[in-house]
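**Q** Contents of model.csv (CSV, C-alpha atoms) are below:
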```
chain,number,residue,atom,x,y,z
A,1251,MET,CA,-12.8,13.2,-17.6
A,1252,GLU,CA,-11.0,9.9,-17.0
A,1253,LYS,CA,-11.0,8.4,-13.5
A,1254,ILE,CA,-7.7,8.4,-11.6
A,1255,ARG,CA,-6.2,4.9,-11.7
A,1256,VAL,CA,-5.1,3.8,-8.2
A,1257,GLY,CA,-3.1,0.7,-7.8
A,1258,PHE,CA,-3.9,-0.6,-4.3
A,1259,ALA,CA,-1.2,-3.1,-3.1
A,1260,MET,CA,-1.7,-5.2,0.1
A,1261,CYS,CA,1.2,-6.9,1.9
A,1262,GLY,CA,1.0,-9.4,4.7
A,1263,SER,CA,0.1,-7.3,7.8
A,1264,PHE,CA,-3.0,-9.4,8.1
A,1265,CYS,CA,-4.1,-7.8,11.4
A,1266,THR,CA,-4.7,-4.5,9.5
A,1267,PHE,CA,-6.8,-5.9,6.7
A,1268,SER,CA,-10.0,-5.1,8.5
A,1269,LYS,CA,-8.9,-1.4,8.5
A,1270,VAL,CA,-7.6,-1.4,5.0
A,1271,LEU,CA,-10.6,-3.0,3.2
A,1272,PRO,CA,-13.0,-0.1,4.1
A,1273,GLU,CA,-10.5,2.3,2.6
A,1274,ILE,CA,-10.5,0.4,-0.7
A,1275,GLU,CA,-14.2,0.7,-0.7
A,1276,ARG,CA,-14.0,4.4,0.1
A,1277,LEU,CA,-11.7,5.0,-2.9
A,1278,VAL,CA,-14.2,3.3,-5.2
A,1279,GLU,CA,-17.0,5.4,-3.7
A,1280,LEU,CA,-14.9,8.5,-4.3
A,1281,GLY,CA,-14.8,7.6,-8.0
A,1282,TYR,CA,-11.2,6.2,-8.3
A,1283,ASP,CA,-10.5,3.3,-10.6
A,1284,VAL,CA,-8.9,0.9,-8.2
A,1285,VAL,CA,-6.6,-1.8,-9.5
A,1286,PRO,CA,-6.1,-4.4,-6.7
A,1287,ILE,CA,-2.6,-5.9,-6.1
A,1288,MET,CA,-1.6,-8.4,-3.4
A,1289,SER,CA,1.7,-9.8,-2.4
A,1290,GLU,CA,2.0,-13.5,-3.1
A,1291,PHE,CA,2.1,-14.1,0.6
A,1292,ALA,CA,-1.0,-12.0,1.3
A,1293,TYR,CA,-2.9,-13.6,-1.6
A,1294,ALA,CA,-2.2,-17.2,-0.5
A,1295,THR,CA,-2.1,-17.3,3.3
A,1296,ASP,CA,-4.9,-18.1,5.7
A,1297,THR,CA,-4.4,-16.6,9.2
A,1298,ARG,CA,-6.2,-16.1,12.5
A,1299,PHE,CA,-7.5,-12.9,11.0
A,1300,GLY,CA,-9.3,-14.6,8.1
A,1301,LYS,CA,-9.0,-16.8,5.0
A,1302,ALA,CA,-7.2,-15.6,2.0
A,1303,GLU,CA,-10.1,-16.6,-0.3
A,1304,ASP,CA,-12.4,-14.4,1.7
A,1305,PHE,CA,-10.2,-11.3,1.5
A,1306,ILE,CA,-9.7,-12.0,-2.3
A,1307,ALA,CA,-13.4,-12.2,-2.8
A,1308,GLN,CA,-14.1,-9.0,-0.9
A,1309,VAL,CA,-11.4,-7.0,-2.8
A,1310,GLU,CA,-12.4,-8.3,-6.2
A,1311,GLU,CA,-16.1,-7.6,-5.5
A,1312,MET,CA,-15.3,-4.0,-4.3
A,1313,THR,CA,-13.1,-3.1,-7.2
A,1314,GLY,CA,-14.7,-5.2,-10.0
A,1315,LYS,CA,-11.2,-6.5,-11.0
A,1316,LYS,CA,-9.1,-9.5,-10.5
A,1317,ILE,CA,-6.2,-9.1,-8.1
A,1318,ILE,CA,-2.7,-8.8,-9.6
A,1319,HIS,CA,-0.7,-11.2,-7.5
A,1320,THR,CA,2.4,-12.3,-9.4
A,1321,ILE,CA,5.5,-10.6,-10.6
A,1322,ASP,CA,4.6,-11.3,-14.2
A,1323,GLU,CA,1.2,-9.7,-13.8
A,1324,ALA,CA,2.7,-6.6,-12.1
A,1325,GLU,CA,5.5,-5.9,-14.6
A,1326,PRO,CA,3.3,-4.3,-17.3
A,1327,ILE,CA,2.2,-1.6,-14.8
A,1328,GLY,CA,5.2,0.4,-16.0
A,1329,PRO,CA,5.5,-0.1,-19.7
A,1330,LYS,CA,1.7,0.2,-20.2
A,1331,LYS,CA,1.4,3.1,-17.8
A,1332,LEU,CA,-1.5,1.4,-16.0
A,1333,LEU,CA,-1.6,3.6,-12.9
A,1334,ASP,CA,-1.7,7.3,-11.9
A,1335,VAL,CA,-0.7,6.5,-8.3
A,1336,LEU,CA,0.2,3.3,-6.4
A,1337,VAL,CA,-0.8,2.8,-2.7
A,1338,ILE,CA,0.9,0.1,-0.6
A,1339,ALA,CA,-1.3,-0.5,2.4
A,1340,PRO,CA,-0.5,-2.2,4.6
A,1341,CYS,CA,3.2,-2.0,3.8
A,1342,THR,CA,5.2,-4.4,6.0
A,1343,GLY,CA,8.7,-3.9,7.3
A,1344,ASN,CA,9.8,-6.6,4.9
A,1345,THR,CA,8.5,-4.6,1.9
A,1346,LEU,CA,9.9,-1.3,3.3
A,1347,GLY,CA,13.3,-2.9,3.3
A,1348,LYS,CA,13.0,-4.3,-0.2
A,1349,LEU,CA,11.8,-0.9,-1.5
A,1350,ALA,CA,14.6,1.0,0.3
A,1351,CYS,CA,17.2,-1.4,-1.2
A,1352,GLY,CA,15.7,-1.7,-4.7
A,1353,ILE,CA,14.8,-5.4,-4.3
A,1354,THR,CA,12.1,-6.6,-6.8
A,1355,ASP,CA,11.1,-10.1,-5.8
A,1356,SER,CA,7.4,-9.8,-5.2
A,1357,SER,CA,4.3,-8.6,-7.0
A,1358,VAL,CA,4.2,-5.5,-4.8
A,1359,THR,CA,7.8,-4.5,-5.2
A,1360,MET,CA,7.6,-5.1,-9.0
A,1361,ALA,CA,4.4,-2.9,-9.1
A,1362,ALA,CA,6.3,-0.2,-7.3
A,1363,LYS,CA,9.4,-0.4,-9.5
A,1364,ALA,CA,7.4,-0.5,-12.7
A,1365,HIS,CA,5.2,2.4,-11.5
A,1366,ILE,CA,8.2,4.6,-10.4
A,1367,ARG,CA,9.8,4.3,-13.8
A,1368,ASN,CA,7.0,6.5,-15.0
A,1369,ALA,CA,7.9,9.2,-12.4
A,1370,LYS,CA,4.5,8.6,-10.6
A,1371,PRO,CA,3.8,8.7,-6.9
A,1372,VAL,CA,3.9,5.7,-4.5
A,1373,VAL,CA,1.9,6.2,-1.3
A,1374,ILE,CA,3.0,4.0,1.6
A,1375,ALA,CA,0.8,3.1,4.6
A,1376,VAL,CA,3.3,1.5,7.0
A,1377,SER,CA,2.4,-1.3,9.3
A,1378,THR,CA,5.3,-2.9,11.1
A,1379,ASN,CA,6.3,-4.0,14.6
A,1380,ASP,CA,9.9,-2.8,14.1
A,1381,GLY,CA,9.2,0.7,12.6
A,1382,LEU,CA,11.3,2.3,15.4
A,1383,GLY,CA,13.8,-0.6,15.3
A,1384,ALA,CA,15.3,-2.4,12.3
A,1385,SER,CA,12.9,-0.8,9.8
A,1386,ALA,CA,13.5,2.8,11.0
A,1387,LYS,CA,16.5,3.2,8.6
A,1388,ASN,CA,14.4,2.0,5.7
A,1389,ILE,CA,11.5,4.4,6.5
A,1390,GLY,CA,14.1,7.2,6.7
A,1391,MET,CA,15.6,6.2,3.3
A,1392,LEU,CA,12.1,6.1,1.7
A,1393,GLN,CA,11.0,9.4,3.2
A,1394,ASN,CA,14.0,10.9,1.4
A,1395,ALA,CA,13.3,9.1,-1.9
A,1396,LYS,CA,11.8,10.7,-5.0
A,1397,TYR,CA,8.2,9.7,-5.8
A,1398,ILE,CA,7.6,8.2,-2.3
A,1399,TYR,CA,4.9,9.6,0.0
A,1400,PHE,CA,3.7,8.3,3.4
A,1401,VAL,CA,0.3,8.1,4.9
A,1402,PRO,CA,0.5,9.7,8.4
A,1403,TYR,CA,1.5,7.1,11.0
A,1404,ASP,CA,2.2,6.7,14.7
A,1405,GLN,CA,2.9,4.1,17.4
A,1406,ASP,CA,0.0,1.8,17.7
A,1407,ASP,CA,0.8,0.4,21.2
A,1408,HIS,CA,3.7,2.2,22.8
A,1409,ILE,CA,3.4,0.2,26.1
A,1410,HIS,CA,3.3,-3.3,24.7
A,1411,LYS,CA,5.0,-2.8,21.3
A,1412,PRO,CA,7.2,0.2,21.7
A,1413,SER,CA,8.9,-0.2,18.2
A,1414,SER,CA,5.6,-0.7,16.3
A,1415,LEU,CA,4.3,1.8,13.8
A,1416,VAL,CA,1.0,1.8,12.0
A,1417,ALA,CA,-0.5,4.2,9.4
A,1418,ASP,CA,-3.8,6.1,10.0
A,1419,PHE,CA,-5.5,4.2,7.1
A,1420,THR,CA,-8.3,6.7,7.1
A,1421,GLN,CA,-5.8,9.2,5.7
A,1422,ILE,CA,-5.1,7.2,2.5
A,1423,ALA,CA,-7.5,9.2,0.3
A,1424,PRO,CA,-6.1,12.6,1.5
A,1425,ALA,CA,-2.5,11.3,1.1
A,1426,ILE,CA,-3.3,10.2,-2.5
A,1427,GLN,CA,-4.7,13.7,-3.3
A,1428,MET,CA,-1.5,15.3,-2.0
A,1429,ALA,CA,0.9,12.9,-3.6
A,1430,LEU,CA,-0.8,13.5,-7.0
A,1431,LYS,CA,0.3,17.1,-6.5
A,1432,ASN,CA,3.8,15.9,-5.5
A,1433,VAL,CA,3.3,17.0,-1.9
A,1434,GLN,CA,3.7,14.9,1.3
A,1435,ILE,CA,0.7,15.2,3.5
A,1436,GLN,CA,1.5,16.7,6.9
A,1437,PRO,CA,2.0,15.9,9.7
A,1438,VAL,CA,3.6,12.6,8.8
A,1439,ILE,CA,4.1,11.5,12.4
A,1440,ARG,CA,1.1,11.9,14.6
```
Could you take the file, read its structure, and then write that structure out as structure tokens?

**A**
Amino acid sequence: MEKIRVGFAMCGSFCTFSKVLPEIERLVELGYDVVPIMSEFAYATDTRFGKAEDFIAQVEEMTGKKIIHTIDEAEPIGPKKLLDVLVIAPCTGNTLGKLACGITDSSVTMAAKAHIRNAKPVVIAVSTNDGLGASAKNIGMLQNAKYIYFVPYDQDDHIHKPSSLVADFTQIAPAIQMALKNVQIQPVIR
């Protein structure tokens, strides 16, 4: 039996990388064939949360694959049917907006567009400071979109960041299993 091919796309919510990396490792341990993808920004930017080259090295070592990080590299995902499911974790408000509006100007949005053309699931693990603000309409649009599934999420700091939402990244594997059955894991909002 062939392994399930999971595209794992990371956007620039750098503060959540320390929570996302263990989930990539968990997917590999569960026997998934993980194909790493990073937005151009995530791939090239050093922040106070770490150096890009360190994150790249960790992800490539875990998955045993080079990271897809350009639009040109992501485009064949569709025509070559390279994935069974695509996870976007963390998915920033910027990427949510682009997905909701059909904008394809990054490696991650191209991966999603290319993958959806094959009528396959995209699992979104949101991480945005404006999830209950400007990004709320985009989340709503995507929750109503075909082939889009969400990892359960909630407010991460309702006192200091009342509009901020973040996924429960430990629920990525269960969300994948449900999305492969065309079912949204519940509850979505914790």

**Q** So which residues touch stretch 1264-1280 of chain A within 7 Å, counting only C-alpha atoms, skipping near sequence neighbours fewer than 4 positions away, as number ranges by chain?

**A** A: 1284, 1299, 1312-1313, 1339-1340, 1419-1420, 1423

**Q** Using all atoms listed in the file, give me every residue within 7 Å of (-3.7, 3.7, -8.2) in file coordinates, as a VMD selection string.

**A** chain A and resid 1255 to 1258 1284 to 1285 1333 to 1337

**Q** Just the number, please: distance in Å from atom CA of A:Asn1379 to atom CA of A:Gln1436, one decimal.

**A**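 These two atoms are separated by 22.6 Å.
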
**Q** Skipping near chain neighbours, those fewer than 6 positions away, what residues fall within 12 Å of A:Ile1353 using all atoms listed in the file, listed as a list of chain:residue names?

**A**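 My list of contacting residues is A:Asn1344, A:Thr1345, A:Leu1346, A:Gly1347, A:Thr1359, A:Met1360, A:Ala1361, A:Ala1362, A:Lys1363.
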
**Q** So which one's closest to A:Ile1254, A:Gln1393, A:Ser1377, A:Glu1303, A:Asp1283? Using only C-alpha atoms, please.

**A** A:Asp1283

**Q** Considering all atoms listed in the file, state which residue in the set A:Ile1287, A:Ala1395, A:Val1372, A:Met1260 is at the smallest distance from A:Gln1427.

**A**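 Looking only at the distances to A:Gln1427, the closest residue turns out to be A:Val1372.
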
**Q** So, counting all atoms listed in the file, which residue among A:Gly1352, A:Pro1437, A:Ala1294, A:Asp1380 is closest to A:Ser1413?

**A** A:Asp1380

**Q** Work out how far atom CA of A:Lys1331 is from atom CA of A:Thr1295, in Å to one decimal.

**A**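 Between atom CA of A:Thr1295 and atom CA of A:Lys1331 the gap works out to 29.6 Å.
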
**Q** Which of these residues is nearest to A:Pro1412, using all atoms listed in the file: A:Thr1378, A:Asn1368, A:Thr1320, A:Gln1434?

**A**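 Smallest distance to A:Pro1412 is found for A:Thr1378.
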
**Q** Between atom CA of A:Gly1300 and atom CA of A:Lys1316, what is the distance, to one decimal in Å?

**A**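 Here the two named atoms are 19.3 Å from each other.
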
**Q** Compute the distance from (13.1, 2.6, 6.0) to each atom, counting only C-alpha atoms, keep the residues with any atom at most 10 Å away, and return them as a list in words; use the coordinates of the file.

**A**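 Those residues lying close to the given coordinates are Gly1343, Asn1344, Thr1345, Leu1346, Gly1347, Lys1348, Leu1349, Ala1350, Cys1351, Val1376, Gly1381, Leu1382, Gly1383, Ala1384, Ser1385, Ala1386, Lys1387, Asn1388, Ile1389, Gly1390, Met1391, Leu1392, Gln1393 and Asn1394 of chain A.
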
**Q** I want to know what sits within 7 Å of A:Phe1400, based on all atoms listed in the file, with residues of the same chain fewer than 2 positions away left out; could you give that as a ChimeraX atom specification?

**A** /A:1373-1375,1398,1402,1434,1438

**Q** May I have the residues within 7 Å of A:Ile1318 as a ChimeraX atom specification, using all atoms listed in the file and disregarding those fewer than 4 positions away in the same chain?

**A** /A:1286-1288,1323-1324

**Q** Compare A:Asp1296, A:Glu1310, A:Asp1355, A:Asp1304 by their minimum atom-to-atom distance to A:Gly1262, counting only C-alpha atoms, and give me the closest one.

**A**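 Closest residue, counting only C-alpha atoms: A:Asp1296.
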
**Q** Find, counting only C-alpha atoms, the residue in A:Gln1405, A:Ala1369, A:Cys1261, A:Tyr1399 that gets nearest to A:Gly1328.

**A**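 Counting only C-alpha atoms, the residue closest to A:Gly1328 is A:Ala1369.
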